[in-house]
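Note sheet for the following structure.
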Amino acid sequence: MATPLEEWVEEQARLTKPDEVYWCDGSEEEAQRLVEIGMTQERLGDHPVFYELSHKNFPNSYLHRSHPTDVARTEHLTFVCHPDEVTTGPNNNWMHPNEAVEMLTKLTDGCMRGRTMYVLPYMMGHPDNPFSKACVQLTDSVYVAVSMRIMTRMGEAALARIGSSDNFVKGLHSVGDLDPNRRFIMHFPLDNLVWSVGSGYGGNALLGKKCFSLRIASWLGLHEGWLAEHMLIIGVEDPEGEITYMAAALPSASGKTNLALLQSTLPGYRVWTVGDDIAWMYIGDDGRLWAVNPEVGFFGVLPGTSMKTNPNMIRCLASGEFFPTLFTNAALDVDTREPWWEGKDGPVPEHVEDWQGKPWTPGSEKTAAHPNSRFTVSIAQCPSTSPEFHNPKGVPISALLFGGRRTRLIPLVYEAFNWQHGVFAASAMGTETTSAAMHMVGMLRRDPMAMLPFCGYNMGDYFRHWLTMGQRIPHPPKLFFINWFRTDDSTGEFLWPGFGENIRVLKWIADRVRGRIGARETPIGLMPHQGDIELSGLNVSQEALERLFKVHREAWLAEAAEVGQFYEQFGDRLPPELWEEHHALVKRLEGSA
Ligand code: GTP
Ligand code: SPV
Ligand code: MN
């Protein structure tokens, strides 16, 4: 008798009508075969899915060039289909599930004709963690199949977990004809289903990532009492060998991968990588908040990655231990057949093809690599990967960090007075947007907890869930706010050197958590005493430092007014405690004149 999984796959095959159905086992031999296929197979009739790159400096690496209109997540085409619109919330696009299924069924009918349907069984989370989930994605993209092998635990463990049950998360994906007018990324939280048509790009197509591990999982977390967050996870080791675990929410393309792989410039300090994009956090038996990274790979921003900014990532990309490493929408050094990108070490090569394969020179108007070009690489070959990455329990979190891209206003670091105040400040986070989502670059928008594009239900309810979690965690982490992006108003340059030097801020946070250091009270929160951020060996002027910590009363009042407007859209779904915190902030600011 067919299992529910087999039945579901057959049903989807009847709809999509592929020439062939192929069940992936996640093995290296299979990945090699798939990459071979991708090198000969054309991406919708124009050029190959994969190009082989030189293996000299980046062994086992391949280049993928996406369709020119398919280079980032498309938030305006992403829907969360709860039966009622209020549950979906003003933070998401909504369509009734019946209507969505009807529309997608039409779009999907026969969409895999002439193609192979790959069946990808995979786990999100360590198979021995009770929160891990078995999933199956169907896709007609060989690029997606290979990427999923790098990003997830694919193969036997997932099939064993599913067995003859119907307990698995379903993903149906087709690149369709890549027409943005027929592109939809749709979530059905009540059915544990993601249905994505018309895009082959990252968060739109690797359905275990944003679609399941954040949008659907955040909904599961609401009902099961845990948190699915857009956070990196690190352990900060101090000279005594003590490790303080932290998770940090930063919006897309705003520094999670870089912070997660930080190479310390402070002697005796070291950062261990547990995750760079997603954290699932639950209350452990010991009453602390524990975090696991459900992924096993990095899908990271390429431009700016160098030995200077992120040496651990360069070493990771150069390892070649896990097959393969993918470069998506990188430029190509034609002479050496190496990938190239803006900010890479060394001189600009003489002969460059841009991310679409066209000749490029430094005089060209656009960048050679797409601003949202990315690498896909296994965490197994990263030199800073924490031994605890393999611990099914995850790591106990002592500090939660929240940060955005703010050229003004937000200080380098401050600490919340308490959980409720921290949840308020995180809900009020703003950020200048990046190329990780289309049509959005450089606007200031509210991005609560860096989750605006990823929360799978009404954000008012999400804030309530955060407040409730704080009451339920017997030993909650402390909440901190960071900003690496404050600039000098006259020169436009960053006031803080960032990258490896961020260890100095992590040190202060670890010292706070361990009760080793005091702080001063300001209207917005607790800030370091002068001299408490370790600056030895760093060339930051006293003036720059003052500006990094300046709390500008009028600007903060203006910010508070904007946050009030942002809150309005949630109506009575917004927890009153957050309004109380909002009023209290305004009062403290007004009283500080
Ligand atoms: P997603 O993968 O999209 O979720 O993003 P991420 O948060 O992992 O972003 P990532 O670390 O890849 O950030 C990339 C961008 O942030 C690049 O433009 C970097 O140059 C910039 N960046 C990262 N860390 C720093 C820093 O400490 N200072 C400055 N000025 N820029 C930084
Ligand atoms: C992000 O945009 O936050 C990413 C890349 O991490 S994607 O997987 O495309 O969502
Ligand atoms: Mn992300």
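Residue numbering restarts at 1 for every chain of the structure tokens, chains are lettered A, B, ... in their displayed order, and ligands are numbered from 1 as they appear.
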
Using DSSP on the backbone coordinates, identify the residues of range 354-579 of chain A assigned to helix (DSSP H, G or I); present them as a ChimeraX atom specification. /A:379-381,387-390,419-427,448-450,459-472,499-513,542-548,553-568,571-573,576-579

Ligand 3: which residues are within 10 Å, counting only C-alpha atoms and all ligand atoms? Reply as a PyMOL selection string. chain A and resi 202-203+209-210+214+229-232+249-257+276-278+298-301+436+450-451+453-454

Put those residues in a file: N, CA, C and O atoms, as a tab-separated table (two decimals), in the first residue's frame.
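Output (part-v3.tsv):
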chain	number	residue	atom	x	y	z
A	202	GLY	N	16.84	31.63	-4.06
A	202	GLY	CA	16.99	31.50	-2.61
A	202	GLY	C	15.71	31.37	-1.82
A	202	GLY	O	15.00	30.37	-1.88
A	203	GLY	N	15.41	32.42	-1.07
A	203	GLY	CA	14.28	32.40	-0.16
A	203	GLY	C	12.93	32.15	-0.83
A	203	GLY	O	11.97	31.78	-0.17
A	209	LYS	N	13.92	27.12	4.02
A	209	LYS	CA	14.57	28.26	4.64
A	209	LYS	C	13.52	29.25	5.17
A	209	LYS	O	12.89	29.00	6.18
A	210	LYS	N	13.31	30.37	4.49
A	210	LYS	CA	12.40	31.39	5.01
A	210	LYS	C	10.96	30.86	5.07
A	210	LYS	O	10.23	31.13	6.02
A	214	LEU	N	10.89	29.90	8.95
A	214	LEU	CA	10.41	31.12	9.59
A	214	LEU	C	8.89	31.29	9.48
A	214	LEU	O	8.20	31.32	10.48
A	229	GLU	N	13.10	32.43	14.69
A	229	GLU	CA	13.57	33.80	14.50
A	229	GLU	C	14.64	33.94	13.41
A	229	GLU	O	15.39	33.00	13.14
A	230	HIS	N	14.69	35.15	12.83
A	230	HIS	CA	15.70	35.47	11.80
A	230	HIS	C	16.98	35.91	12.52
A	230	HIS	O	17.30	37.09	12.55
A	231	MET	N	17.64	34.93	13.13
A	231	MET	CA	18.78	35.23	14.00
A	231	MET	C	19.97	34.32	13.73
A	231	MET	O	19.81	33.14	13.44
A	232	LEU	N	21.15	34.89	13.86
A	232	LEU	CA	22.38	34.10	13.90
A	232	LEU	C	22.56	33.57	15.32
A	232	LEU	O	21.93	34.07	16.27
A	249	ALA	N	19.33	39.19	15.88
A	249	ALA	CA	18.45	39.46	14.75
A	249	ALA	C	18.93	40.71	14.02
A	249	ALA	O	19.02	41.78	14.62
A	250	LEU	N	19.28	40.56	12.77
A	250	LEU	CA	19.63	41.69	11.91
A	250	LEU	C	18.89	41.47	10.60
A	250	LEU	O	18.82	40.33	10.14
A	251	PRO	N	18.36	42.53	10.00
A	251	PRO	CA	17.59	42.34	8.77
A	251	PRO	C	18.45	41.77	7.64
A	251	PRO	O	19.67	41.72	7.74
A	252	SER	N	17.80	41.35	6.57
A	252	SER	CA	18.49	40.75	5.43
A	252	SER	C	19.64	41.64	4.95
A	252	SER	O	19.51	42.86	4.87
A	253	ALA	N	20.74	40.98	4.63
A	253	ALA	CA	21.95	41.65	4.14
A	253	ALA	C	22.42	42.77	5.07
A	253	ALA	O	22.85	43.83	4.63
A	254	SER	N	22.35	42.54	6.38
A	254	SER	CA	22.77	43.56	7.33
A	254	SER	C	23.73	43.05	8.39
A	254	SER	O	23.86	43.65	9.45
A	255	GLY	N	24.39	41.92	8.12
A	255	GLY	CA	25.51	41.57	8.97
A	255	GLY	C	25.42	40.30	9.79
A	255	GLY	O	26.33	40.05	10.59
A	256	LYS	N	24.38	39.47	9.60
A	256	LYS	CA	24.32	38.24	10.40
A	256	LYS	C	25.47	37.28	10.05
A	256	LYS	O	26.17	36.80	10.93
A	257	THR	N	25.64	37.01	8.75
A	257	THR	CA	26.69	36.06	8.36
A	257	THR	C	28.05	36.57	8.82
A	257	THR	O	28.88	35.81	9.33
A	276	ASP	N	23.85	31.22	11.03
A	276	ASP	CA	24.02	32.57	10.47
A	276	ASP	C	22.72	33.21	9.99
A	276	ASP	O	22.74	34.33	9.52
A	277	ASP	N	21.57	32.49	10.12
A	277	ASP	CA	20.36	33.09	9.54
A	277	ASP	C	19.09	32.78	10.33
A	277	ASP	O	18.21	33.62	10.42
A	278	ILE	N	19.00	31.56	10.86
A	278	ILE	CA	17.74	31.16	11.49
A	278	ILE	C	18.01	30.50	12.84
A	278	ILE	O	18.91	29.65	12.95
A	298	PHE	N	25.28	27.80	4.54
A	298	PHE	CA	25.16	29.26	4.47
A	298	PHE	C	24.71	29.65	3.07
A	298	PHE	O	25.29	29.18	2.08
A	299	PHE	N	23.71	30.51	2.98
A	299	PHE	CA	23.33	31.13	1.71
A	299	PHE	C	23.61	32.61	1.92
A	299	PHE	O	22.74	33.36	2.35
A	300	GLY	N	24.85	33.02	1.66
A	300	GLY	CA	25.30	34.32	2.15
A	300	GLY	C	25.62	35.31	1.05
A	300	GLY	O	25.87	34.97	-0.10
A	301	VAL	N	25.61	36.59	1.46
A	301	VAL	CA	25.88	37.70	0.54
A	301	VAL	C	27.35	37.69	0.13
A	301	VAL	O	28.25	37.71	0.97
A	436	ALA	N	18.42	42.48	-0.78
A	436	ALA	CA	17.98	41.10	-0.54
A	436	ALA	C	16.52	40.92	-0.91
A	436	ALA	O	16.05	39.81	-1.09
A	450	ALA	N	13.63	42.05	12.91
A	450	ALA	CA	14.12	41.63	11.57
A	450	ALA	C	13.22	40.56	10.97
A	450	ALA	O	13.63	39.77	10.12
A	451	MET	N	11.95	40.54	11.39
A	451	MET	CA	11.01	39.48	10.99
A	451	MET	C	9.87	39.98	10.12
A	451	MET	O	8.98	39.19	9.77
A	453	PRO	N	9.36	40.50	6.96
A	453	PRO	CA	8.99	39.69	5.79
A	453	PRO	C	8.79	38.21	6.12
A	453	PRO	O	8.50	37.43	5.21
A	454	PHE	N	8.98	37.81	7.37
A	454	PHE	CA	9.07	36.38	7.67
A	454	PHE	C	8.10	35.88	8.73
A	454	PHE	O	8.07	34.69	9.03

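Each of A:Thr491, A:Thr305, A:Asn92, A:Ser536 was compared to ligand 1 using only C-alpha atoms and all ligand atoms, and A:Thr305 turns out to be the nearest.
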
Write out as a PyMOL selection string the residues lying within 8 Å of Val334 in chain A, counting only C-alpha atoms and excluding same-chain residues fewer than 2 positions away. chain A and resi 332+336-338+351-353

Could you name the residues that touch Phe485 in chain A at 7 Å or less, counting only C-alpha atoms, but leaving out those on the same chain fewer than 5 positions away, as a ChimeraX atom specification? /A:405-407,494

Show which residues sit within 6 Å of range 115-130 of chain A, as an MDAnalysis selection string. Count only C-alpha atoms, and ignore same-chain residues fewer than 6 positions away. chainID A and resid 18:24 136:140 153:155 158 294 392

Write the residues of the selection above to a file with N, CA, C and O atoms, as a PDB file, in the first residue's frame.
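Contents of result.pdb, freshly written:
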ATOM      1  N   PRO A  18       5.448  15.854 -14.827  1.00  0.00           N
ATOM      2  CA  PRO A  18       6.859  15.747 -15.226  1.00  0.00           C
ATOM      3  C   PRO A  18       7.072  14.513 -16.094  1.00  0.00           C
ATOM      4  O   PRO A  18       6.277  13.572 -16.030  1.00  0.00           O
ATOM      5  N   ASP A  19       8.161  14.511 -16.885  1.00  0.00           N
ATOM      6  CA  ASP A  19       8.516  13.318 -17.664  1.00  0.00           C
ATOM      7  C   ASP A  19       8.966  12.200 -16.736  1.00  0.00           C
ATOM      8  O   ASP A  19       8.825  11.020 -17.043  1.00  0.00           O
ATOM      9  N   GLU A  20       9.564  12.604 -15.617  1.00  0.00           N
ATOM     10  CA  GLU A  20      10.199  11.635 -14.736  1.00  0.00           C
ATOM     11  C   GLU A  20      10.072  12.108 -13.296  1.00  0.00           C
ATOM     12  O   GLU A  20      10.077  13.324 -13.052  1.00  0.00           O
ATOM     13  N   VAL A  21      10.001  11.180 -12.359  1.00  0.00           N
ATOM     14  CA  VAL A  21      10.037  11.542 -10.933  1.00  0.00           C
ATOM     15  C   VAL A  21      11.276  10.875 -10.347  1.00  0.00           C
ATOM     16  O   VAL A  21      11.479   9.673 -10.510  1.00  0.00           O
ATOM     17  N   TYR A  22      12.134  11.654  -9.703  1.00  0.00           N
ATOM     18  CA  TYR A  22      13.393  11.121  -9.187  1.00  0.00           C
ATOM     19  C   TYR A  22      13.504  11.429  -7.689  1.00  0.00           C
ATOM     20  O   TYR A  22      13.434  12.596  -7.275  1.00  0.00           O
ATOM     21  N   TRP A  23      13.648  10.387  -6.871  1.00  0.00           N
ATOM     22  CA  TRP A  23      13.774  10.562  -5.413  1.00  0.00           C
ATOM     23  C   TRP A  23      15.240  10.750  -5.059  1.00  0.00           C
ATOM     24  O   TRP A  23      16.064   9.865  -5.307  1.00  0.00           O
ATOM     25  N   CYS A  24      15.588  11.879  -4.473  1.00  0.00           N
ATOM     26  CA  CYS A  24      16.988  12.149  -4.118  1.00  0.00           C
ATOM     27  C   CYS A  24      17.343  11.487  -2.786  1.00  0.00           C
ATOM     28  O   CYS A  24      16.521  11.451  -1.862  1.00  0.00           O
ATOM     29  N   VAL A 136       9.403  17.460   2.919  1.00  0.00           N
ATOM     30  CA  VAL A 136       9.660  16.986   1.558  1.00  0.00           C
ATOM     31  C   VAL A 136       9.375  18.132   0.601  1.00  0.00           C
ATOM     32  O   VAL A 136       8.294  18.724   0.644  1.00  0.00           O
ATOM     33  N   GLN A 137      10.356  18.457  -0.221  1.00  0.00           N
ATOM     34  CA  GLN A 137      10.138  19.453  -1.270  1.00  0.00           C
ATOM     35  C   GLN A 137      10.185  18.781  -2.629  1.00  0.00           C
ATOM     36  O   GLN A 137      11.080  17.979  -2.911  1.00  0.00           O
ATOM     37  N   LEU A 138       9.234  19.132  -3.482  1.00  0.00           N
ATOM     38  CA  LEU A 138       9.265  18.713  -4.874  1.00  0.00           C
ATOM     39  C   LEU A 138       9.733  19.915  -5.687  1.00  0.00           C
ATOM     40  O   LEU A 138       9.272  21.033  -5.438  1.00  0.00           O
ATOM     41  N   THR A 139      10.626  19.690  -6.642  1.00  0.00           N
ATOM     42  CA  THR A 139      11.092  20.816  -7.457  1.00  0.00           C
ATOM     43  C   THR A 139      11.466  20.333  -8.852  1.00  0.00           C
ATOM     44  O   THR A 139      11.856  19.176  -9.034  1.00  0.00           O
ATOM     45  N   ASP A 140      11.363  21.247  -9.829  1.00  0.00           N
ATOM     46  CA  ASP A 140      11.824  20.926 -11.178  1.00  0.00           C
ATOM     47  C   ASP A 140      13.129  21.651 -11.491  1.00  0.00           C
ATOM     48  O   ASP A 140      13.510  21.775 -12.640  1.00  0.00           O
ATOM     49  N   ARG A 153      19.694  18.785   5.984  1.00  0.00           N
ATOM     50  CA  ARG A 153      20.071  17.385   6.148  1.00  0.00           C
ATOM     51  C   ARG A 153      19.134  16.566   5.259  1.00  0.00           C
ATOM     52  O   ARG A 153      18.006  16.268   5.634  1.00  0.00           O
ATOM     53  N   MET A 154      19.624  16.241   4.056  1.00  0.00           N
ATOM     54  CA  MET A 154      18.764  15.589   3.081  1.00  0.00           C
ATOM     55  C   MET A 154      18.988  14.087   3.074  1.00  0.00           C
ATOM     56  O   MET A 154      20.119  13.627   3.200  1.00  0.00           O
ATOM     57  N   GLY A 155      17.915  13.336   2.927  1.00  0.00           N
ATOM     58  CA  GLY A 155      18.043  11.900   2.712  1.00  0.00           C
ATOM     59  C   GLY A 155      17.348  11.045   3.752  1.00  0.00           C
ATOM     60  O   GLY A 155      16.280  11.392   4.260  1.00  0.00           O
ATOM     61  N   ALA A 158      15.232  11.794   7.108  1.00  0.00           N
ATOM     62  CA  ALA A 158      13.904  12.395   6.937  1.00  0.00           C
ATOM     63  C   ALA A 158      12.887  11.323   6.568  1.00  0.00           C
ATOM     64  O   ALA A 158      11.779  11.276   7.116  1.00  0.00           O
ATOM     65  N   PRO A 294      18.400  25.317  12.475  1.00  0.00           N
ATOM     66  CA  PRO A 294      17.816  24.195  11.736  1.00  0.00           C
ATOM     67  C   PRO A 294      18.522  23.895  10.416  1.00  0.00           C
ATOM     68  O   PRO A 294      18.261  22.860   9.803  1.00  0.00           O
ATOM     69  N   PRO A 392      22.343  18.084  19.511  1.00  0.00           N
ATOM     70  CA  PRO A 392      20.913  18.197  19.173  1.00  0.00           C
ATOM     71  C   PRO A 392      20.160  19.168  20.064  1.00  0.00           C
ATOM     72  O   PRO A 392      19.144  19.731  19.653  1.00  0.00           O
TER      73      PRO A 392
END

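Minimum atom-to-atom distances from A:Ala134, A:Gly268, A:Ala416, A:Ala368 to Glu240 in chain A were compared using only C-alpha atoms, and the lowest value belongs to A:Gly268.
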
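Reported to one decimal place, the separation of CA of Met459 in chain A from CA of Pro83 in chain A is 16.5 Å.
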
In terms of the shortest atom-to-atom distance over only C-alpha atoms, which of A:Ala437, A:Met313, A:Ile473, A:Ala519 is closest to Asp285 in chain A? A:Ile473

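Within 9 Å of Met148 in chain A, once only C-alpha atoms are used and residues closer than 2 positions along the same chain are dropped, the contacting residues are Gly26, Leu120, Tyr122, Tyr143, Val144, Ala145, Val146, Ile150, Met151, Thr152, Arg153, Met154, Leu206, Leu207, Gly208 and Gly297 of chain A.
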
Dump as a short mmCIF file (atom, residue, chain, number, x, y, z; two decimals), in the first residue's frame, selection limited to all heavy atoms:
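Result file follows (selection_24.cif):
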data_model
loop_
_atom_site.label_atom_id
_atom_site.label_comp_id
_atom_site.auth_asym_id
_atom_site.auth_seq_id
_atom_site.Cartn_x
_atom_site.Cartn_y
_atom_site.Cartn_z
N GLY A 26 20.37 12.45 -1.34
CA GLY A 26 21.25 13.42 -0.67
C GLY A 26 22.72 13.04 -0.68
O GLY A 26 23.53 13.71 -0.03
N LEU A 120 12.74 15.76 -2.75
CA LEU A 120 13.82 16.02 -1.79
C LEU A 120 13.31 15.82 -0.37
O LEU A 120 12.64 16.69 0.17
CB LEU A 120 14.32 17.46 -1.93
CG LEU A 120 14.52 18.03 -3.34
CD1 LEU A 120 14.84 19.53 -3.26
CD2 LEU A 120 15.65 17.29 -4.05
N TYR A 122 14.02 15.97 3.52
CA TYR A 122 15.07 16.62 4.31
C TYR A 122 14.55 16.93 5.72
O TYR A 122 13.35 16.98 5.96
CB TYR A 122 15.56 17.90 3.62
CG TYR A 122 14.53 19.00 3.49
CD1 TYR A 122 14.48 20.04 4.42
CD2 TYR A 122 13.60 19.00 2.46
CE1 TYR A 122 13.53 21.05 4.32
CE2 TYR A 122 12.65 20.01 2.34
CZ TYR A 122 12.61 21.03 3.27
OH TYR A 122 11.66 22.02 3.17
N TYR A 143 19.17 23.21 -9.78
CA TYR A 143 19.88 24.17 -8.92
C TYR A 143 19.30 24.13 -7.50
O TYR A 143 20.03 24.11 -6.51
CB TYR A 143 19.76 25.58 -9.51
CG TYR A 143 20.14 26.70 -8.57
CD1 TYR A 143 21.48 26.96 -8.26
CD2 TYR A 143 19.17 27.52 -8.00
CE1 TYR A 143 21.82 28.00 -7.41
CE2 TYR A 143 19.51 28.56 -7.14
CZ TYR A 143 20.83 28.79 -6.85
OH TYR A 143 21.17 29.82 -6.00
N VAL A 144 17.98 24.10 -7.43
CA VAL A 144 17.33 24.04 -6.12
C VAL A 144 17.64 22.71 -5.43
O VAL A 144 17.94 22.67 -4.24
CB VAL A 144 15.80 24.27 -6.26
CG1 VAL A 144 15.06 23.92 -4.99
CG2 VAL A 144 15.52 25.71 -6.67
N ALA A 145 17.61 21.62 -6.21
CA ALA A 145 17.90 20.30 -5.63
C ALA A 145 19.30 20.27 -5.03
O ALA A 145 19.50 19.82 -3.89
CB ALA A 145 17.73 19.22 -6.69
N VAL A 146 20.28 20.79 -5.77
CA VAL A 146 21.66 20.78 -5.28
C VAL A 146 21.81 21.74 -4.09
O VAL A 146 22.48 21.43 -3.11
CB VAL A 146 22.64 21.14 -6.42
CG1 VAL A 146 24.05 21.32 -5.90
CG2 VAL A 146 22.61 20.07 -7.51
N ILE A 150 22.97 21.23 0.18
CA ILE A 150 23.97 21.98 0.96
C ILE A 150 23.33 22.58 2.21
O ILE A 150 23.94 22.62 3.28
CB ILE A 150 24.58 23.12 0.09
CG1 ILE A 150 25.18 22.54 -1.20
CG2 ILE A 150 25.64 23.90 0.87
CD1 ILE A 150 25.59 23.61 -2.22
N MET A 151 22.09 23.03 2.10
CA MET A 151 21.46 23.81 3.18
C MET A 151 20.76 22.96 4.23
O MET A 151 20.48 23.47 5.33
CB MET A 151 20.45 24.79 2.58
CG MET A 151 21.02 25.84 1.65
SD MET A 151 22.30 26.86 2.41
CE MET A 151 21.37 27.70 3.68
N THR A 152 20.38 21.71 3.88
CA THR A 152 19.58 20.91 4.81
C THR A 152 20.18 19.51 4.98
O THR A 152 21.03 19.10 4.20
CB THR A 152 18.13 20.73 4.29
OG1 THR A 152 18.15 19.81 3.18
CG2 THR A 152 17.53 22.04 3.83
N ARG A 153 19.69 18.78 5.98
CA ARG A 153 20.07 17.39 6.15
C ARG A 153 19.13 16.57 5.26
O ARG A 153 18.01 16.27 5.63
CB ARG A 153 19.91 16.96 7.60
CG ARG A 153 20.83 17.71 8.56
CD ARG A 153 20.42 17.42 9.99
NE ARG A 153 21.40 17.87 10.96
CZ ARG A 153 21.40 19.07 11.54
NH1 ARG A 153 20.48 19.96 11.24
NH2 ARG A 153 22.34 19.39 12.42
N MET A 154 19.62 16.24 4.06
CA MET A 154 18.76 15.59 3.08
C MET A 154 18.99 14.09 3.07
O MET A 154 20.12 13.63 3.20
CB MET A 154 19.05 16.16 1.68
CG MET A 154 17.99 15.77 0.66
SD MET A 154 18.50 16.13 -1.02
CE MET A 154 18.31 17.88 -1.06
N LEU A 206 14.14 27.77 -2.03
CA LEU A 206 14.66 26.78 -1.08
C LEU A 206 13.65 26.80 0.07
O LEU A 206 13.78 27.57 1.02
CB LEU A 206 16.06 27.16 -0.60
CG LEU A 206 17.07 27.55 -1.70
CD1 LEU A 206 18.42 27.91 -1.09
CD2 LEU A 206 17.23 26.43 -2.72
N LEU A 207 12.64 25.98 -0.03
CA LEU A 207 11.44 26.19 0.80
C LEU A 207 11.65 25.84 2.28
O LEU A 207 10.84 26.18 3.12
CB LEU A 207 10.26 25.40 0.22
CG LEU A 207 9.91 25.75 -1.24
CD1 LEU A 207 8.65 25.02 -1.67
CD2 LEU A 207 9.74 27.25 -1.46
N GLY A 208 12.77 25.16 2.59
CA GLY A 208 13.05 24.86 4.00
C GLY A 208 13.48 26.10 4.75
O GLY A 208 13.44 26.14 5.99
N GLY A 297 23.87 24.86 6.19
CA GLY A 297 24.66 25.57 5.18
C GLY A 297 24.47 27.07 5.30
O GLY A 297 23.64 27.54 6.08
#

Could you give me, as a tab-separated table, a per-residue list for range 463-534 of chain A showing, wherever an atom lies at most 9 Å from an atom of range 575-586 of chain A, the closest pair of atoms and their distance in Å to one decimal, using only C-alpha atoms and sorting by chain then residue number from low to high?
residue	atom	partner	partner_atom	distance
A:Phe463	CA	A:Pro575	CA	7.0
A:Arg464	CA	A:Pro575	CA	5.9
A:Leu467	CA	A:Pro575	CA	8.6
A:Pro523	CA	A:Leu585	CA	6.7
A:Ile524	CA	A:Leu585	CA	6.7

Per residue of range 147-262 of chain A within 8 Å of range 69-72 of chain A, record the nearest atom pair and its distance in Å to one decimal, counting only C-alpha atoms, with rows in chain order and ascending residue number, as a tab-separated table.
residue	atom	partner	partner_atom	distance
A:Leu178	CA	A:Asp70	CA	7.4
A:Pro180	CA	A:Thr69	CA	7.2
A:Ser199	CA	A:Asp70	CA	6.2
A:Gly200	CA	A:Asp70	CA	7.0
A:Tyr201	CA	A:Asp70	CA	6.2
A:Gly202	CA	A:Ala72	CA	7.2
A:Gly203	CA	A:Ala72	CA	7.7
A:Asn204	CA	A:Ala72	CA	7.9

Writer output for current selection, N, CA, C and O atoms, as a CSV table (one decimal), in the first residue's frame:
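This is the output file selection22.csv:
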chain,number,residue,atom,x,y,z
A,178,LEU,N,9.3,31.3,-15.1
A,178,LEU,CA,10.1,32.4,-14.5
A,178,LEU,C,9.5,33.8,-14.8
A,178,LEU,O,10.2,34.8,-14.6
A,180,PRO,N,7.7,37.0,-13.9
A,180,PRO,CA,7.3,37.6,-12.6
A,180,PRO,C,5.8,37.8,-12.5
A,180,PRO,O,5.3,38.0,-11.4
A,199,SER,N,9.8,31.2,-9.5
A,199,SER,CA,11.1,31.8,-9.1
A,199,SER,C,12.0,30.6,-8.7
A,199,SER,O,11.6,29.7,-8.1
A,200,GLY,N,13.3,30.8,-9.0
A,200,GLY,CA,14.3,29.8,-8.6
A,200,GLY,C,15.2,30.3,-7.6
A,200,GLY,O,16.2,29.7,-7.2
A,201,TYR,N,14.9,31.5,-7.0
A,201,TYR,CA,15.9,32.2,-6.2
A,201,TYR,C,15.7,31.9,-4.7
A,201,TYR,O,14.6,32.0,-4.1
A,202,GLY,N,16.8,31.6,-4.1
A,202,GLY,CA,17.0,31.5,-2.6
A,202,GLY,C,15.7,31.4,-1.8
A,202,GLY,O,15.0,30.4,-1.9
A,203,GLY,N,15.4,32.4,-1.1
A,203,GLY,CA,14.3,32.4,-0.2
A,203,GLY,C,12.9,32.1,-0.8
A,203,GLY,O,12.0,31.8,-0.2
A,204,ASN,N,12.8,32.3,-2.1
A,204,ASN,CA,11.6,32.0,-2.9
A,204,ASN,C,11.5,30.5,-3.2
A,204,ASN,O,10.4,30.0,-3.5

For Thr361 in chain A, list every protein, DNA or RNA residue within 12 Å, evaluated using only C-alpha atoms, and leave out those in the same chain fewer than 3 positions away; present the list as number ranges by chain. A: 331-333, 348-354, 358, 364-369

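When only C-alpha atoms are used to measure the gap to Phe424 in chain A, the shortest distance among A:Arg65, A:Trp195, A:Ser264, A:Leu574 belongs to A:Leu574.
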
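The two atoms in question, CA of Val175 in chain A and CA of Gln32 in chain A, are spaced 21.6 Å apart.
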
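Ranking A:Leu289, A:Ile37, A:Leu190, A:Ile503 by their shortest atom-to-atom distance to Gln471 in chain A, with only C-alpha atoms included, puts A:Leu289 first.
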